[in-house]
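Enquirer: Contents of upload10.tsv (TSV, C-alpha atoms):
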chain	number	residue	atom	x	y	z
V	11	MET	CA	-8.37	-26.72	-5.78
V	12	ALA	CA	-7.33	-25.39	-9.17
V	13	LYS	CA	-8.06	-21.75	-9.95
V	14	VAL	CA	-9.21	-20.51	-13.34
V	15	ILE	CA	-8.04	-16.94	-13.95
V	16	VAL	CA	-9.10	-14.93	-16.98
V	17	VAL	CA	-6.86	-12.13	-18.27
V	18	THR	CA	-9.14	-9.69	-20.03
V	19	SER	CA	-9.54	-6.04	-21.02
V	20	GLY	CA	-12.13	-5.39	-23.68
V	21	LYS	CA	-9.76	-3.14	-25.58
V	22	GLY	CA	-7.01	-4.60	-27.74
V	23	GLY	CA	-3.32	-3.85	-27.46
V	24	VAL	CA	-3.28	-3.05	-23.75
V	25	GLY	CA	-1.04	-5.99	-22.81
V	26	LYS	CA	-3.26	-9.00	-22.11
V	27	THR	CA	-0.98	-11.54	-23.75
V	28	THR	CA	2.17	-9.96	-22.30
V	29	THR	CA	0.51	-10.07	-18.87
V	30	SER	CA	-0.75	-13.65	-19.32
V	31	ALA	CA	2.70	-14.87	-20.37
V	32	SER	CA	4.54	-13.16	-17.52
V	33	PHE	CA	1.95	-13.97	-14.85
V	34	ALA	CA	1.87	-17.66	-15.87
V	35	THR	CA	5.68	-17.82	-16.00
V	36	GLY	CA	5.94	-16.14	-12.62
V	37	LEU	CA	3.52	-18.61	-11.01
V	38	ALA	CA	5.32	-21.56	-12.63
V	39	ASN	CA	8.73	-20.34	-11.47
V	40	ARG	CA	7.37	-20.24	-7.93
V	41	GLY	CA	6.65	-23.93	-8.21
V	42	LYS	CA	2.97	-23.74	-9.16
V	43	LYS	CA	1.86	-26.12	-11.88
V	44	THR	CA	0.33	-23.73	-14.38
V	45	ALA	CA	-1.38	-23.91	-17.76
V	46	VAL	CA	-2.01	-20.93	-20.01
V	47	ILE	CA	-4.62	-21.08	-22.77
V	48	ASP	CA	-4.88	-18.75	-25.76
V	49	PHE	CA	-8.57	-18.03	-26.45
V	50	ASP	CA	-7.87	-15.79	-29.44
V	51	ILE	CA	-9.07	-18.21	-32.10
V	52	GLY	CA	-7.81	-17.24	-35.55
V	53	LEU	CA	-5.24	-14.82	-34.14
V	54	ARG	CA	-2.86	-17.05	-32.20
V	55	ASN	CA	-0.14	-15.02	-30.46
V	56	LEU	CA	0.64	-16.37	-27.01
V	57	ASP	CA	2.91	-19.05	-28.55
V	58	LEU	CA	5.07	-16.31	-30.11
V	59	ILE	CA	5.32	-14.32	-26.89
V	60	LEU	CA	6.42	-17.47	-25.04
V	61	GLY	CA	8.73	-18.52	-27.88
V	62	CYS	CA	7.16	-21.93	-28.50
V	63	GLU	CA	5.51	-21.29	-31.90
V	64	ARG	CA	7.53	-23.98	-33.70
V	65	ARG	CA	6.52	-26.66	-31.26
V	66	VAL	CA	2.77	-26.23	-31.58
V	67	VAL	CA	1.32	-29.30	-33.30
V	68	TYR	CA	-2.25	-29.43	-32.04
V	69	ASP	CA	-4.34	-26.61	-30.66
V	70	PHE	CA	-7.28	-25.81	-28.36
V	71	VAL	CA	-9.90	-26.38	-31.08
V	72	ASN	CA	-8.33	-29.71	-32.11
V	73	VAL	CA	-8.81	-30.85	-28.51
V	74	ILE	CA	-12.39	-29.56	-28.29
V	75	GLN	CA	-13.29	-31.28	-31.56
V	76	GLY	CA	-11.66	-34.54	-30.49
V	77	ASP	CA	-8.92	-34.49	-33.16
V	78	ALA	CA	-6.19	-34.58	-30.51
V	79	LYS	CA	-5.80	-35.46	-26.86
V	80	LEU	CA	-5.20	-32.65	-24.41
V	81	SER	CA	-1.84	-34.17	-23.45
V	82	GLN	CA	-0.76	-34.09	-27.10
V	83	ALA	CA	-1.77	-30.46	-27.55
V	84	LEU	CA	-0.14	-29.06	-24.38
V	85	VAL	CA	3.27	-27.59	-25.17
V	86	ARG	CA	5.82	-27.65	-22.35
V	87	ASP	CA	7.34	-24.20	-21.89
V	88	LYS	CA	11.06	-23.94	-22.51
V	89	HIS	CA	11.64	-21.42	-19.72
V	90	SER	CA	9.80	-23.17	-16.93
V	91	GLU	CA	9.07	-26.86	-16.52
V	92	ASN	CA	5.92	-26.14	-14.48
V	93	LEU	CA	4.28	-24.24	-17.34
V	94	SER	CA	2.25	-25.69	-20.21
V	95	ILE	CA	0.73	-23.80	-23.12
V	96	LEU	CA	-2.41	-24.59	-25.07
V	97	ALA	CA	-2.27	-22.63	-28.32
V	98	ALA	CA	-5.26	-21.09	-30.10
V	99	SER	CA	-6.28	-22.46	-33.47
V	100	GLN	CA	-5.00	-20.37	-36.34
V	101	THR	CA	-7.35	-21.78	-38.95
V	102	LYS	CA	-10.66	-22.60	-37.33
V	103	ASP	CA	-13.65	-20.37	-36.87
V	104	LYS	CA	-14.05	-18.76	-33.45
V	105	GLU	CA	-17.49	-20.35	-33.20
V	106	ALA	CA	-15.63	-23.65	-32.76
V	107	LEU	CA	-15.22	-22.67	-29.08
V	108	LYS	CA	-18.26	-24.47	-27.73
V	109	GLU	CA	-19.05	-24.00	-24.07
V	110	GLU	CA	-19.21	-27.73	-23.34
V	111	GLY	CA	-15.84	-28.26	-25.01
V	112	VAL	CA	-14.18	-25.42	-23.09
V	113	LYS	CA	-15.63	-26.75	-19.84
V	114	GLN	CA	-14.30	-30.24	-20.56
V	115	VAL	CA	-10.77	-28.96	-21.32
V	116	LEU	CA	-10.74	-27.00	-18.05
V	117	GLU	CA	-12.02	-30.03	-16.12
V	118	ASP	CA	-9.33	-32.22	-17.72
V	119	LEU	CA	-6.60	-29.71	-16.85
V	120	LYS	CA	-7.80	-29.73	-13.24
V	121	GLY	CA	-7.66	-33.52	-13.38
V	122	MET	CA	-4.02	-33.27	-14.47
V	123	ASP	CA	-3.24	-31.41	-11.23
V	124	PHE	CA	-2.75	-27.97	-12.69
V	125	GLU	CA	-3.06	-25.45	-9.85
V	126	TYR	CA	-3.57	-22.35	-11.99
V	127	ILE	CA	-5.24	-22.17	-15.38
V	128	ILE	CA	-4.74	-18.80	-17.05
V	129	CYS	CA	-7.20	-17.91	-19.83
V	130	ASP	CA	-5.73	-15.30	-22.18
V	131	SER	CA	-8.80	-13.55	-23.60
V	132	PRO	CA	-9.01	-11.95	-27.04
V	133	ALA	CA	-10.03	-8.30	-27.29
V	134	GLY	CA	-13.68	-7.46	-27.84
V	135	ILE	CA	-16.78	-9.02	-26.32
V	136	GLU	CA	-17.47	-11.85	-28.74
V	137	THR	CA	-17.39	-15.65	-28.35
V	138	GLY	CA	-13.66	-16.01	-27.56
V	139	ALA	CA	-13.77	-13.34	-24.87
V	140	LEU	CA	-17.03	-14.68	-23.39
V	141	MET	CA	-15.69	-18.24	-23.29
V	142	ALA	CA	-12.44	-17.07	-21.66
V	143	LEU	CA	-14.33	-15.50	-18.75
V	144	ARG	CA	-17.20	-18.00	-18.56
V	145	PHE	CA	-15.61	-20.39	-16.05
V	146	ALA	CA	-13.34	-17.91	-14.30
V	147	ASP	CA	-12.86	-17.91	-10.54
V	148	GLU	CA	-10.77	-14.76	-10.71
V	149	ALA	CA	-10.07	-12.07	-13.30
V	150	LEU	CA	-7.10	-9.88	-14.09
V	151	ILE	CA	-8.49	-6.71	-15.66
V	152	VAL	CA	-5.70	-5.24	-17.78
V	153	THR	CA	-5.87	-1.57	-18.70
V	154	ASN	CA	-3.74	1.40	-19.69
V	155	PRO	CA	-4.15	4.81	-18.02
V	156	GLU	CA	-6.12	6.00	-21.02
V	157	VAL	CA	-9.83	6.85	-21.33
V	158	SER	CA	-10.93	4.23	-23.85
V	159	ALA	CA	-9.02	1.39	-22.15
V	160	VAL	CA	-10.52	2.30	-18.75
V	161	ARG	CA	-14.03	2.51	-20.15
V	162	ASP	CA	-13.66	-0.87	-21.88
V	163	ALA	CA	-12.27	-2.38	-18.67
V	164	ASP	CA	-15.38	-1.20	-16.83
V	165	ARG	CA	-17.57	-2.68	-19.55
V	166	MET	CA	-15.72	-5.98	-19.13
V	167	LEU	CA	-16.40	-5.89	-15.38
V	168	GLY	CA	-20.09	-5.57	-16.20
V	169	ILE	CA	-19.89	-8.54	-18.57
V	170	ILE	CA	-18.15	-10.67	-15.92
V	171	GLU	CA	-20.92	-9.74	-13.48
V	172	ALA	CA	-23.55	-10.75	-16.02
V	173	LYS	CA	-22.13	-13.59	-18.10
V	174	SER	CA	-19.77	-15.60	-15.92
V	175	LEU	CA	-21.00	-18.94	-14.65
V	176	ARG	CA	-20.41	-17.78	-11.07
V	177	ALA	CA	-22.73	-14.82	-11.62
V	178	GLU	CA	-25.33	-16.97	-13.32
V	179	ASN	CA	-25.32	-19.55	-10.54
V	180	GLY	CA	-25.38	-16.91	-7.85
V	181	ALA	CA	-22.10	-18.35	-6.53
V	182	GLU	CA	-19.41	-16.29	-4.83
V	183	ARG	CA	-18.53	-13.49	-7.25
V	184	VAL	CA	-15.50	-13.60	-9.54
V	185	LYS	CA	-12.58	-12.00	-7.70
V	186	GLU	CA	-11.31	-9.13	-9.83
V	187	HIS	CA	-7.81	-7.63	-9.79
V	188	LEU	CA	-6.52	-4.57	-11.61
V	189	VAL	CA	-3.36	-4.59	-13.72
V	190	ILE	CA	-2.28	-1.22	-15.09
V	191	THR	CA	0.25	-1.47	-17.90
V	192	ARG	CA	2.30	1.07	-19.89
V	193	TYR	CA	2.38	3.36	-16.88
V	194	ALA	CA	4.55	6.46	-17.15
V	195	PRO	CA	5.00	7.90	-13.63
V	196	LYS	CA	6.58	11.05	-15.02
V	197	ARG	CA	3.60	11.83	-17.21
V	198	ALA	CA	1.14	10.98	-14.43
V	199	ASP	CA	3.07	13.32	-12.13
V	200	LYS	CA	2.76	16.12	-14.67
V	201	GLY	CA	-0.97	15.55	-14.95
V	202	GLU	CA	-0.65	14.34	-18.54
V	203	MET	CA	-1.77	10.82	-17.71
V	204	LEU	CA	-4.35	9.34	-15.34
V	205	SER	CA	-2.53	8.26	-12.19
V	206	HIS	CA	-2.68	4.67	-10.95
V	207	THR	CA	-4.85	5.82	-8.04
V	208	ASP	CA	-7.25	7.54	-10.47
V	209	VAL	CA	-7.64	4.33	-12.49
V	210	ALA	CA	-8.12	2.19	-9.37
V	211	GLU	CA	-10.69	4.62	-8.02
V	212	LEU	CA	-12.60	4.86	-11.31
V	213	LEU	CA	-12.84	1.08	-11.60
V	214	SER	CA	-13.22	0.49	-7.82
V	215	LEU	CA	-10.63	-2.29	-7.98
V	216	PRO	CA	-7.49	-3.04	-5.96
V	217	ILE	CA	-4.24	-2.78	-7.93
V	218	LEU	CA	-2.49	-6.13	-8.30
V	219	GLY	CA	0.10	-4.99	-10.82
V	220	LEU	CA	1.48	-1.62	-11.88
V	221	ILE	CA	3.67	-2.18	-14.92
V	222	PRO	CA	5.77	0.70	-16.19
V	223	GLU	CA	6.03	1.56	-19.88
V	224	SER	CA	9.25	0.06	-21.20
V	225	GLU	CA	11.21	-0.72	-24.36
V	226	GLN	CA	11.97	-4.07	-22.77
V	227	VAL	CA	8.52	-5.41	-23.67
V	228	LEU	CA	9.15	-5.20	-27.41
V	229	ASP	CA	12.66	-6.53	-27.02
V	230	CYS	CA	11.36	-9.58	-25.16
V	231	SER	CA	8.56	-10.23	-27.62
V	232	ASN	CA	11.14	-10.09	-30.43
V	233	ARG	CA	13.03	-12.85	-28.64
V	234	GLY	CA	10.05	-14.94	-27.53
V	235	THR	CA	10.87	-14.54	-23.84
V	236	PRO	CA	8.23	-13.45	-21.31
V	237	VAL	CA	9.31	-10.06	-20.01
V	238	ILE	CA	9.20	-11.20	-16.37
V	239	LEU	CA	12.45	-13.03	-17.18
V	240	ALA	CA	14.25	-9.83	-18.27
V	241	ASN	CA	16.39	-9.86	-15.13
V	242	GLY	CA	16.48	-6.69	-13.14
V	243	SER	CA	14.45	-4.59	-15.57
V	244	PRO	CA	11.69	-2.48	-14.02
V	245	VAL	CA	8.99	-4.36	-15.98
V	246	ALA	CA	10.29	-7.74	-14.78
V	247	LEU	CA	10.39	-6.45	-11.19
V	248	ALA	CA	6.85	-5.10	-11.52
V	249	PHE	CA	5.55	-8.41	-12.85
V	250	ASP	CA	7.40	-10.32	-10.14
V	251	ASP	CA	5.78	-8.05	-7.53
V	252	MET	CA	2.42	-8.76	-9.11
V	253	VAL	CA	2.85	-12.53	-8.87
V	254	ALA	CA	4.10	-12.27	-5.30
V	255	ARG	CA	1.13	-10.10	-4.34
V	256	TYR	CA	-1.24	-12.54	-6.00
V	257	LEU	CA	0.22	-15.33	-3.87
V	258	GLY	CA	-0.34	-13.26	-0.74
V	259	GLU	CA	2.99	-11.50	-0.17
V	260	GLU	CA	3.01	-7.87	0.92
V	261	ARG	CA	4.77	-5.85	-1.75
V	262	PRO	CA	4.40	-2.07	-1.85
V	263	LEU	CA	3.74	-0.60	-5.30
V	264	ARG	CA	6.87	0.50	-7.13
V	265	PHE	CA	7.35	2.89	-10.03
V	266	THR	CA	4.59	5.16	-8.80
V	267	GLU	CA	6.83	8.22	-8.73
V	268	PRO	CA	9.19	9.54	-11.41
V	269	GLU	CA	12.86	9.02	-10.74
V	270	SER	CA	14.11	12.10	-9.00
V	271	ALA	CA	15.42	14.58	-11.52
V	272	PRO	CA	18.18	17.16	-10.99
V	273	PHE	CA	17.09	20.45	-9.46
V	274	TRP	CA	17.22	22.43	-12.70
V	275	LYS	CA	15.04	19.86	-14.41
V	276	ARG	CA	12.50	20.00	-11.65
V	277	LEU	CA	12.46	23.76	-12.03
V	278	PHE	CA	12.19	23.95	-15.80
V	279	GLY	CA	10.52	20.63	-16.55
V	280	GLY	CA	11.64	18.21	-19.24
Z	21	MET	CA	5.00	19.04	-11.82
Z	22	SER	CA	7.68	21.64	-12.54
Z	23	LEU	CA	7.63	25.15	-11.12
Z	24	LEU	CA	7.31	26.65	-14.59
Z	25	ASP	CA	4.32	24.42	-15.36
Z	26	ILE	CA	2.67	25.77	-12.25
Z	27	LEU	CA	3.66	29.37	-12.97
Z	28	PHE	CA	2.35	29.28	-16.51
Z	29	LYS	CA	-0.66	27.18	-15.55
Z	30	LYS	CA	-0.11	24.52	-18.17
Z	31	ARG	CA	-3.48	22.85	-18.41
Z	32	ALA	CA	-3.18	19.24	-17.30
Z	33	SER	CA	-5.43	16.87	-19.22
Z	34	ALA	CA	-5.53	13.96	-16.74
Z	35	PRO	CA	-8.15	15.67	-14.51
Z	36	ILE	CA	-10.31	16.17	-17.60
Z	37	ALA	CA	-9.94	12.46	-18.44
Z	38	LYS	CA	-10.90	11.54	-14.90
Z	39	GLU	CA	-13.94	13.76	-14.87
Z	40	ARG	CA	-15.15	12.52	-18.26
Z	41	LEU	CA	-14.63	8.92	-17.23
Z	42	SER	CA	-16.37	9.21	-13.88
Z	43	PHE	CA	-19.36	10.70	-15.65
Z	44	ILE	CA	-19.60	8.12	-18.43
Z	45	LEU	CA	-18.86	5.13	-16.17
Z	46	ALA	CA	-21.55	6.19	-13.71
Z	47	HIS	CA	-23.99	6.57	-16.57
Z	48	GLU	CA	-23.12	3.19	-18.10
Z	49	ARG	CA	-23.20	1.42	-14.74
Z	50	ALA	CA	-26.60	2.89	-14.01
Z	51	GLN	CA	-27.87	1.57	-17.32
Z	52	ARG	CA	-26.45	-1.88	-16.58
Z	53	SER	CA	-28.12	-2.07	-13.20
Z	54	GLY	CA	-31.44	-0.85	-14.63
Z	55	LYS	CA	-31.25	2.46	-12.76
Z	56	GLY	CA	-30.78	4.37	-16.00
Z	57	ASP	CA	-34.43	5.06	-16.63
Z	58	ILE	CA	-35.11	6.15	-13.07
Z	59	VAL	CA	-32.25	8.63	-13.22
Z	60	SER	CA	-33.32	10.19	-16.50
Z	61	ALA	CA	-36.94	10.45	-15.31
Z	62	LEU	CA	-35.80	11.98	-12.02
Z	63	LYS	CA	-33.57	14.36	-13.91
Z	64	GLU	CA	-36.37	15.61	-16.14
Z	65	GLU	CA	-38.75	16.12	-13.23
Z	66	LEU	CA	-36.13	17.90	-11.15
Z	67	ILE	CA	-35.38	20.25	-14.02
Z	68	ALA	CA	-39.07	20.87	-14.60
Z	69	VAL	CA	-39.67	21.68	-10.92
Z	70	ILE	CA	-36.69	24.00	-10.65
Z	71	CYS	CA	-37.65	25.80	-13.85
Z	72	LYS	CA	-41.21	26.17	-12.59
Z	73	TYR	CA	-40.14	28.16	-9.53
Z	74	THR	CA	-37.22	30.10	-10.97
Z	75	SER	CA	-36.25	31.88	-14.13
Z	76	ILE	CA	-33.23	29.69	-14.61
Z	77	ASP	CA	-32.38	28.54	-18.08
Z	78	LYS	CA	-32.60	24.77	-18.54
Z	79	GLU	CA	-29.04	24.81	-19.87
Z	80	ALA	CA	-27.78	26.10	-16.52
Z	81	LEU	CA	-28.88	22.89	-14.80
Z	82	LYS	CA	-26.83	19.75	-14.60
Z	83	VAL	CA	-28.10	16.58	-12.93
Z	84	THR	CA	-25.64	13.68	-12.75
Z	85	LEU	CA	-25.33	10.37	-10.99
Z	86	GLU	CA	-21.77	9.55	-9.94
Z	87	ARG	CA	-20.35	6.54	-8.20
Z	88	HIS	CA	-17.65	6.88	-5.58
Z	89	ASP	CA	-16.43	3.48	-4.42
Z	90	SER	CA	-19.62	1.95	-3.11
Z	91	ILE	CA	-21.91	4.97	-2.88
Z	92	ASP	CA	-23.95	6.63	-5.60
Z	93	VAL	CA	-24.05	10.41	-5.52
Z	94	LEU	CA	-26.86	12.30	-7.21
Z	95	LYS	CA	-25.50	15.74	-8.01
Z	96	VAL	CA	-27.59	18.73	-9.02
Z	97	ASP	CA	-25.55	21.70	-10.28
Z	98	ILE	CA	-27.40	24.96	-10.74
Z	99	ALA	CA	-25.65	28.02	-12.14
Z	100	LEU	CA	-27.57	30.93	-10.61
Z	101	PRO	CA	-28.17	33.94	-12.82
Z	102	GLU	CA	-26.89	37.36	-11.76
Z	103	GLY	CA	-29.06	38.78	-9.01
Z	104	GLY	CA	-29.81	35.35	-7.55
Z	105	LEU	CA	-33.04	33.40	-7.63
Z	106	ARG	CA	-36.15	35.02	-9.04
Z	107	ARG	CA	-39.53	33.55	-9.54
Z	108	GLY	CA	-39.93	32.74	-13.23
Would it be possible to restate this file's structure as structure tokens?
Expert:
Amino acid sequence: MAKVIVVTSGKGGVGKTTTSASFATGLANRGKKTAVIDFDIGLRNLDLILGCERRVVYDFVNVIQGDAKLSQALVRDKHSENLSILAASQTKDKEALKEEGVKQVLEDLKGMDFEYIICDSPAGIETGALMALRFADEALIVTNPEVSAVRDADRMLGIIEAKSLRAENGAERVKEHLVITRYAPKRADKGEMLSHTDVAELLSLPILGLIPESEQVLDCSNRGTPVILANGSPVALAFDDMVARYLGEERPLRFTEPESAPFWKRLFGG
Amino acid sequence: MSLLDILFKKRASAPIAKERLSFILAHERAQRSGKGDIVSALKEELIAVICKYTSIDKEALKVTLERHDSIDVLKVDIALPEGGLRRG
């Protein structure tokens, strides 16, 4: 049975699209037929992060409005043959995301044998964000170890509990996972940043991914390559761990502690 | 944390962030689940009762509802004046 997974946060700029792109690529590279949908109508970005912006002809809204078939609008990813991308509309109004239309697209994707359907939510709590979580079976709550991001993540949890179809139908609740991005173990160790355990405790959620802060993320977005493919880099390893954990593998958290510094540095700080 | 940080007691801000968040999240969750009104009513009555029997200043009282994993904790903090409790 196909799973619909929303990637959401409330706050903007915390790494939803980066997470969606890498999570979807990771699932696809493990042989899972995966689709990733950009729900940020008017502010299309997922195509750029995955490097397929020049191949987008039709978009999500075109499909909903019947101007294109779903098969015409799905863009095959260049990095992984198991991954397809459905881009957001750049021109249409966000109100074009009608619930019936979104439901139909998800049903059709399931009918095309996609195993995982990743819904990349826009920031905020308006139509795009509500539609992205509406049909979710599971949710990746993306946050930074920072007060406003954590508060917004908690608000999003409340919205999932109130506005998802599962909640409304009294079905089994949406399974929520925590993804902490831009983590700086050194700063957390010094007490300058909330630790990963603090964030998990505050939100009462299990950590699925702990992604360290890295220059690699910008480098990869410049190139249009999901950062999970940046071989050997800590961020790629952290995202790979996250995908493995999602699929049921035991992987201890990495990058929780700062790299050990020389004695004099430990003494004097720096 | 370096030895010098400890020696000079550099004030870490993460614990402040955690405390502020646990307070505001508990408050917002209570409002979501409809417990908000009960808590504020309870808070007012508690303060009124304590003030009735003591000479404590209202400002010295703090009533909060916090959530730790799956349990709610109602916390009443009272800063006692010098000389302890006295009937007000």
Enquirer: For a test of reading the model, state the distance in Å between atom CA of Val227 of chain V and atom CA of Ala240 of chain V, rounded to one decimal.
Expert: 9.0 Å
Enquirer: For atom CA of Gly22 of chain V and atom CA of Lys102 of chain V, determine how far apart the two atoms are, in Å to one decimal place.
Expert: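 The value is 20.7 Å.
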Enquirer: Between Z:Leu100, Z:Phe43, Z:Gln51, Z:Tyr73, which has the minimum distance to His88 of chain Z (counting all atoms listed in the file)?
Expert: Z:Phe43
Enquirer: Please provide the set of residues having any atom within 8 Å of Leu143 of chain V, restricted to only C-alpha atoms, with same-chain residues fewer than 3 positions apart removed, written as a PyMOL selection string.
Expert: chain V and resi 16+18+129+131+139-140+146+149+170+174
Enquirer: Against chain Z, which residues of chain V fall within 12 Å? For each one I want the closest pair of atoms and the distance in Å (one decimal), counting all atoms listed in the file, rows by chain and increasing residue number, as JSON lines.
Expert:
{"residue": "V:Pro155", "atom": "CA", "partner": "Z:Ala34", "partner_atom": "CA", "distance": 9.3}
{"residue": "V:Glu156", "atom": "CA", "partner": "Z:Ala37", "partner_atom": "CA", "distance": 7.9}
{"residue": "V:Val157", "atom": "CA", "partner": "Z:Ala37", "partner_atom": "CA", "distance": 6.3}
{"residue": "V:Ser158", "atom": "CA", "partner": "Z:Leu41", "partner_atom": "CA", "distance": 8.9}
{"residue": "V:Ala159", "atom": "CA", "partner": "Z:Leu41", "partner_atom": "CA", "distance": 10.6}
{"residue": "V:Val160", "atom": "CA", "partner": "Z:Leu41", "partner_atom": "CA", "distance": 7.9}
{"residue": "V:Arg161", "atom": "CA", "partner": "Z:Leu45", "partner_atom": "CA", "distance": 6.8}
{"residue": "V:Asp162", "atom": "CA", "partner": "Z:Leu45", "partner_atom": "CA", "distance": 9.8}
{"residue": "V:Ala163", "atom": "CA", "partner": "Z:Leu45", "partner_atom": "CA", "distance": 10.3}
{"residue": "V:Asp164", "atom": "CA", "partner": "Z:Leu45", "partner_atom": "CA", "distance": 7.3}
{"residue": "V:Arg165", "atom": "CA", "partner": "Z:Glu48", "partner_atom": "CA", "distance": 8.2}
{"residue": "V:Met166", "atom": "CA", "partner": "Z:Arg49", "partner_atom": "CA", "distance": 11.4}
{"residue": "V:Leu167", "atom": "CA", "partner": "Z:Arg49", "partner_atom": "CA", "distance": 10.0}
{"residue": "V:Gly168", "atom": "CA", "partner": "Z:Arg52", "partner_atom": "CA", "distance": 7.4}
{"residue": "V:Ile169", "atom": "CA", "partner": "Z:Arg52", "partner_atom": "CA", "distance": 9.6}
{"residue": "V:Glu171", "atom": "CA", "partner": "Z:Arg52", "partner_atom": "CA", "distance": 10.1}
{"residue": "V:Ala172", "atom": "CA", "partner": "Z:Arg52", "partner_atom": "CA", "distance": 9.3}
{"residue": "V:Pro195", "atom": "CA", "partner": "Z:Met21", "partner_atom": "CA", "distance": 11.3}
{"residue": "V:Lys196", "atom": "CA", "partner": "Z:Met21", "partner_atom": "CA", "distance": 8.8}
{"residue": "V:Arg197", "atom": "CA", "partner": "Z:Met21", "partner_atom": "CA", "distance": 9.1}
{"residue": "V:Ala198", "atom": "CA", "partner": "Z:Ala34", "partner_atom": "CA", "distance": 7.7}
{"residue": "V:Asp199", "atom": "CA", "partner": "Z:Met21", "partner_atom": "CA", "distance": 6.0}
{"residue": "V:Lys200", "atom": "CA", "partner": "Z:Met21", "partner_atom": "CA", "distance": 4.7}
{"residue": "V:Gly201", "atom": "CA", "partner": "Z:Ala32", "partner_atom": "CA", "distance": 4.9}
{"residue": "V:Glu202", "atom": "CA", "partner": "Z:Ala34", "partner_atom": "CA", "distance": 5.2}
{"residue": "V:Met203", "atom": "CA", "partner": "Z:Ala34", "partner_atom": "CA", "distance": 5.0}
{"residue": "V:Leu204", "atom": "CA", "partner": "Z:Ala34", "partner_atom": "CA", "distance": 5.0}
{"residue": "V:Ser205", "atom": "CA", "partner": "Z:Ala34", "partner_atom": "CA", "distance": 7.9}
{"residue": "V:His206", "atom": "CA", "partner": "Z:Ala34", "partner_atom": "CA", "distance": 11.3}
{"residue": "V:Thr207", "atom": "CA", "partner": "Z:Lys38", "partner_atom": "CA", "distance": 10.8}
{"residue": "V:Asp208", "atom": "CA", "partner": "Z:Lys38", "partner_atom": "CA", "distance": 7.0}
{"residue": "V:Val209", "atom": "CA", "partner": "Z:Lys38", "partner_atom": "CA", "distance": 8.3}
{"residue": "V:Ala210", "atom": "CA", "partner": "Z:Asp89", "partner_atom": "CA", "distance": 9.8}
{"residue": "V:Glu211", "atom": "CA", "partner": "Z:Asp89", "partner_atom": "CA", "distance": 6.9}
{"residue": "V:Leu212", "atom": "CA", "partner": "Z:Ser42", "partner_atom": "CA", "distance": 6.3}
{"residue": "V:Leu213", "atom": "CA", "partner": "Z:Asp89", "partner_atom": "CA", "distance": 8.4}
{"residue": "V:Ser214", "atom": "CA", "partner": "Z:Asp89", "partner_atom": "CA", "distance": 5.6}
{"residue": "V:Leu215", "atom": "CA", "partner": "Z:Asp89", "partner_atom": "CA", "distance": 8.9}
{"residue": "V:Pro216", "atom": "CA", "partner": "Z:Asp89", "partner_atom": "CA", "distance": 11.2}
{"residue": "V:Glu267", "atom": "CA", "partner": "Z:Met21", "partner_atom": "CA", "distance": 11.4}
{"residue": "V:Pro268", "atom": "CA", "partner": "Z:Met21", "partner_atom": "CA", "distance": 10.4}
{"residue": "V:Ser270", "atom": "CA", "partner": "Z:Met21", "partner_atom": "CA", "distance": 11.8}
{"residue": "V:Ala271", "atom": "CA", "partner": "Z:Ser22", "partner_atom": "CA", "distance": 10.5}
{"residue": "V:Pro272", "atom": "CA", "partner": "Z:Ser22", "partner_atom": "CA", "distance": 11.5}
{"residue": "V:Phe273", "atom": "CA", "partner": "Z:Ser22", "partner_atom": "CA", "distance": 10.0}
{"residue": "V:Trp274", "atom": "CA", "partner": "Z:Ser22", "partner_atom": "CA", "distance": 9.6}
{"residue": "V:Lys275", "atom": "CA", "partner": "Z:Ser22", "partner_atom": "CA", "distance": 7.8}
{"residue": "V:Arg276", "atom": "CA", "partner": "Z:Ser22", "partner_atom": "CA", "distance": 5.2}
{"residue": "V:Leu277", "atom": "CA", "partner": "Z:Leu23", "partner_atom": "CA", "distance": 5.1}
{"residue": "V:Phe278", "atom": "CA", "partner": "Z:Leu24", "partner_atom": "CA", "distance": 5.7}
{"residue": "V:Gly279", "atom": "CA", "partner": "Z:Ser22", "partner_atom": "CA", "distance": 5.0}
{"residue": "V:Gly280", "atom": "CA", "partner": "Z:Ser22", "partner_atom": "CA", "distance": 8.5}
Enquirer: Hey, what's within 6 Å of segment 39-51 of chain V if we count all atoms listed in the file and toss same-chain stuff fewer than 6 positions away? As a list in words, please?
Expert: Asn92, Leu93, Ser94, Ile95, Leu96, Ala97, Ala98, Ser99, Lys104, Phe124, Glu125, Tyr126, Ile127, Ile128, Cys129, Asp130, Ser131, Pro132 and Gly138 of chain V
Enquirer: Smallest atom-to-atom distance to Ile151 of chain V: which of V:Asn241, V:Gln114, V:Thr191, V:Asn72, using all atoms listed in the file?
Expert: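 Nearest candidate to Ile151 of chain V out of V:Asn241, V:Gln114, V:Thr191, V:Asn72: V:Thr191.
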Enquirer: If you measure from atom CA of Thr153 of chain V to atom CA of Gly111 of chain V, what distance in Å do you get, rounded to one decimal?
Expert: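 Spanning atom CA of Thr153 of chain V to atom CA of Gly111 of chain V is a straight-line distance of 29.2 Å.
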Enquirer: Show which residues sit within 12 Å of Val73 of chain V, as an MDAnalysis selection string. Count only C-alpha atoms, and ignore same-chain residues fewer than 5 positions away.
Expert: chainID V and resid 67:68 78:84 96:99 106:108 111:116 118:119
